[in-house]
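Here's the structure we're looking at; comments come further down.
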Amino acid sequence: MKTCKFMFIRPVLRALQTLTMSDKYNIAFVLGGPGAGKGTQCSKIVEEFGYVHLSAGDLLREERAKLGSEFGELIEGHIKNGTIVPVEITCSLLERAMKDSKKNEFLIDGFPRNQDNLEGWNKQMGDKVNLKFVLFFECPLNVCTQRCLDRGAAGSGRADDNMESLKKRFNTYMTATMPIIEHYESLDLVRKIDATQSPDEVFEEVKKLFT
Ligand SMILES: Nc1ncnc2c1ncn2[C@@H]1O[C@H](COP(=O)(O)OP(=O)(O)OP(=O)(O)O)[C@@H](O)[C@H]1O
Ligand SMILES: Nc1ccn([C@@H]2O[C@H](COP(=O)(O)O)[C@@H](O)[C@H]2O)c(=O)n1
């Protein structure tokens, strides 16, 4: 009789586990230096593979632009200085956008950018997501700089597409973001892409990870 009673437990637990897994958001983090081409490639992935693209930088800029936003000034200061906004703000914006989209597959672009981002995300979202991999666009500083300056000259309107802000952004990238990439490398989650080629050539490499 006893055996009979317990026979059902394992399949039920397995079913529950499957249910929980499929309830999780599937995500890929997208990292790389300023101007490496993260946004450009994310748009192509969205077009071809139907992911939802959430850029942490875009969400922060949107929040900053909201009339009466409690965090507008703080965000503005960080963006101008190329420093990183506290994770509570960024993570809440990301989680809200994920919920609102009613979708399940996300490219999270420009996040996590430092240890605070990483720890805050793991605490708030760790149990709710399945991290597929970290897409890392590798691009030398001089190429990234030129792309951002060209973007500024073409009228991006971004307060940080200028040499003064770029120096600070690169400093943050090297000192705070690279250790995060190294952390994910140690977990064998990083998929490195050479971002120096043309957008279409880069995308040929990106595609291989999604097919
Ligand atoms: N492979 C590429 N070759 C040449 N130019 C590119 C390439 N990819 C993107 N660009 C251009 O470089 C600029 C920066 O690209 P993009 O906005 O995609 O970079 P990003 O990594 O998202 O930047 P940021 O982190 O500053 O938001 C844009 O003007 C874009 O058109
Ligand atoms: N996780 C993040 C991402 C971005 N920021 C701030 O926004 C600036 C612009 O980011 P882009 O990804 O659009 O280049 C960035 O320099 C930071 O000031 C952030 O704080 N946290």
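In the structure tokens, the first chain shown is A, the next is B, and so on; residue numbers restart at 1 for each chain, and ligands run from 1 in the order shown.
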
List all protein, DNA and RNA residues that have at least one atom no more than 6 Å from any atom of ligand 1, counting only C-alpha atoms and all ligand atoms, and write them as JSON, numbers by chain.
-> {"A": [34, 35, 36, 37, 38, 39, 40, 147, 148, 151, 195, 196, 197, 198, 199]}

Name each residue within 8 Å of ligand 2, counting only C-alpha atoms and all ligand atoms, as an NGL selection string.
-> :A and (34-35 or 55-58 or 60-61 or 75-87 or 90 or 109-114 or 117 or 160 or 169)

Can I get the selected residues back with C-alpha atoms, as a CSV table (one decimal), in the first residue's frame?
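Saved file again30.csv follows:
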```csv
chain,number,residue,atom,x,y,z
A,34,PRO,CA,29.5,51.8,-25.9
A,35,GLY,CA,28.9,51.8,-29.6
A,55,SER,CA,17.6,48.2,-23.6
A,56,ALA,CA,18.4,49.3,-20.0
A,57,GLY,CA,19.8,52.6,-21.4
A,58,ASP,CA,16.6,53.3,-23.4
A,60,LEU,CA,16.5,54.8,-18.2
A,61,ARG,CA,16.3,57.6,-20.9
A,75,ILE,CA,19.4,59.3,-14.0
A,76,GLU,CA,20.6,62.4,-15.9
A,77,GLY,CA,23.6,62.7,-13.7
A,78,HIS,CA,24.6,59.1,-14.2
A,79,ILE,CA,24.2,59.2,-17.9
A,80,LYS,CA,26.3,62.3,-18.3
A,81,ASN,CA,29.0,60.9,-16.1
A,82,GLY,CA,28.9,57.4,-17.7
A,83,THR,CA,28.2,55.9,-14.3
A,84,ILE,CA,25.7,53.2,-13.4
A,85,VAL,CA,22.3,53.9,-12.0
A,86,PRO,CA,21.4,52.0,-8.8
A,87,VAL,CA,20.0,48.6,-9.7
A,90,THR,CA,16.9,49.7,-13.6
A,109,ASP,CA,20.7,45.0,-23.7
A,110,GLY,CA,23.3,46.9,-21.6
A,111,PHE,CA,22.7,45.0,-18.4
A,112,PRO,CA,24.1,43.9,-16.0
A,113,ARG,CA,26.8,46.5,-16.1
A,114,ASN,CA,28.4,46.2,-12.7
A,117,ASN,CA,23.4,45.3,-11.3
A,160,ASP,CA,26.7,61.1,-23.8
A,169,ARG,CA,31.7,55.5,-20.2
```

As a PyMOL selection string, which residues of region 20-195 of chain A does DSSP assign to alpha helix (DSSP H)?
-> chain A and resi 20-23+38-49+56-65+72-81+87-101+115-125+141-153+163-172+178-186

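Excluding region 126-139 of chain A itself and same-chain residues fewer than 5 positions from it, the residues having an atom within 8 Å of it are Met21, Asp23, Lys24, Tyr25, Asn26, Ile27, Ala28, Phe29, Val30, Leu31, Gly32, Gly33, Ala36, Gly37, Lys38, Trp121, Cys144, Ile181, Tyr184, Leu189, Val190, Arg191, Lys192, Ile193, Asp194, Ala195 and Thr196 of chain A, counting only C-alpha atoms.
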
Would you save the residues of that selection, restricted to C-alpha atoms, as an mmCIF file, in the first residue's frame?
```
data_model
loop_
_atom_site.group_PDB
_atom_site.id
_atom_site.type_symbol
_atom_site.label_atom_id
_atom_site.label_comp_id
_atom_site.auth_asym_id
_atom_site.auth_seq_id
_atom_site.Cartn_x
_atom_site.Cartn_y
_atom_site.Cartn_z
ATOM 1 C CA MET A 21 10.572 25.997 -15.936
ATOM 2 C CA ASP A 23 6.788 29.778 -16.470
ATOM 3 C CA LYS A 24 10.197 31.427 -16.475
ATOM 4 C CA TYR A 25 11.231 34.168 -18.865
ATOM 5 C CA ASN A 26 13.909 33.122 -21.366
ATOM 6 C CA ILE A 27 16.531 35.818 -21.583
ATOM 7 C CA ALA A 28 19.863 36.635 -23.183
ATOM 8 C CA PHE A 29 21.961 39.468 -21.814
ATOM 9 C CA VAL A 30 23.671 41.625 -24.453
ATOM 10 C CA LEU A 31 26.936 43.307 -23.494
ATOM 11 C CA GLY A 32 29.804 45.159 -25.170
ATOM 12 C CA GLY A 33 31.383 48.592 -25.109
ATOM 13 C CA ALA A 36 29.835 48.165 -30.148
ATOM 14 C CA GLY A 37 26.564 47.657 -32.023
ATOM 15 C CA LYS A 38 24.382 46.001 -29.362
ATOM 16 C CA TRP A 121 19.145 41.258 -10.645
ATOM 17 C CA CYS A 144 33.535 52.148 -30.600
ATOM 18 C CA ILE A 181 31.616 39.512 -18.503
ATOM 19 C CA TYR A 184 29.750 34.893 -16.933
ATOM 20 C CA LEU A 189 27.745 31.482 -20.618
ATOM 21 C CA VAL A 190 29.520 34.037 -22.821
ATOM 22 C CA ARG A 191 29.128 33.886 -26.606
ATOM 23 C CA LYS A 192 31.726 36.260 -28.036
ATOM 24 C CA ILE A 193 31.145 37.959 -31.387
ATOM 25 C CA ASP A 194 33.642 40.048 -33.379
ATOM 26 C CA ALA A 195 31.734 43.328 -33.750
ATOM 27 C CA THR A 196 34.199 45.095 -36.061
#
```

Filtered DSSP result for region 1-210 of chain A, state strand (DSSP E or B), as number ranges by chain = A: 25-32, 52-55, 105-109, 129-138, 190-194

Please save C-alpha atoms of the selected residues as an mmCIF file, in the first residue's frame.
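again00.cif written:
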```cif
data_model
loop_
_atom_site.group_PDB
_atom_site.id
_atom_site.type_symbol
_atom_site.label_atom_id
_atom_site.label_comp_id
_atom_site.auth_asym_id
_atom_site.auth_seq_id
_atom_site.Cartn_x
_atom_site.Cartn_y
_atom_site.Cartn_z
ATOM 1 C CA TYR A 25 11.231 34.168 -18.865
ATOM 2 C CA ASN A 26 13.909 33.122 -21.366
ATOM 3 C CA ILE A 27 16.531 35.818 -21.583
ATOM 4 C CA ALA A 28 19.863 36.635 -23.183
ATOM 5 C CA PHE A 29 21.961 39.468 -21.814
ATOM 6 C CA VAL A 30 23.671 41.625 -24.453
ATOM 7 C CA LEU A 31 26.936 43.307 -23.494
ATOM 8 C CA GLY A 32 29.804 45.159 -25.170
ATOM 9 C CA VAL A 52 11.566 41.419 -27.320
ATOM 10 C CA HIS A 53 14.443 43.905 -27.106
ATOM 11 C CA LEU A 54 14.771 45.738 -23.805
ATOM 12 C CA SER A 55 17.618 48.226 -23.615
ATOM 13 C CA GLU A 105 11.727 35.794 -24.724
ATOM 14 C CA PHE A 106 13.885 38.832 -24.112
ATOM 15 C CA LEU A 107 17.155 40.395 -25.148
ATOM 16 C CA ILE A 108 18.290 42.458 -22.203
ATOM 17 C CA ASP A 109 20.706 44.960 -23.694
ATOM 18 C CA VAL A 129 14.370 33.768 -15.547
ATOM 19 C CA ASN A 130 16.233 31.199 -17.520
ATOM 20 C CA LEU A 131 19.484 32.826 -18.729
ATOM 21 C CA LYS A 132 20.310 31.241 -22.095
ATOM 22 C CA PHE A 133 23.611 33.042 -22.662
ATOM 23 C CA VAL A 134 25.409 36.379 -22.627
ATOM 24 C CA LEU A 135 25.994 37.820 -26.072
ATOM 25 C CA PHE A 136 29.245 39.768 -25.948
ATOM 26 C CA PHE A 137 30.079 42.133 -28.809
ATOM 27 C CA GLU A 138 33.824 42.589 -28.766
ATOM 28 C CA VAL A 190 29.520 34.037 -22.821
ATOM 29 C CA ARG A 191 29.128 33.886 -26.606
ATOM 30 C CA LYS A 192 31.726 36.260 -28.036
ATOM 31 C CA ILE A 193 31.145 37.959 -31.387
ATOM 32 C CA ASP A 194 33.642 40.048 -33.379
#
```

Selected residue, from A:Cys91, A:Ile45, A:Leu74, A:Leu149, that lies nearest to Leu118 (chain A) when counting only C-alpha atoms = A:Cys91

note - CA of Thr177 (chain A) and CA of Ile89 (chain A) are separated by 17.9 Å

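Candidate residues A:Glu48, A:Met125, A:Ala153, A:Asp188 were compared for distance to Thr211 (chain A), and the nearest is A:Glu48, using only C-alpha atoms.
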
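Considering the residues A:Asp116, A:Phe203, A:Lys123, A:Glu164 and counting only C-alpha atoms, Pro179 (chain A) has its shortest atom-to-atom contact with A:Asp116.
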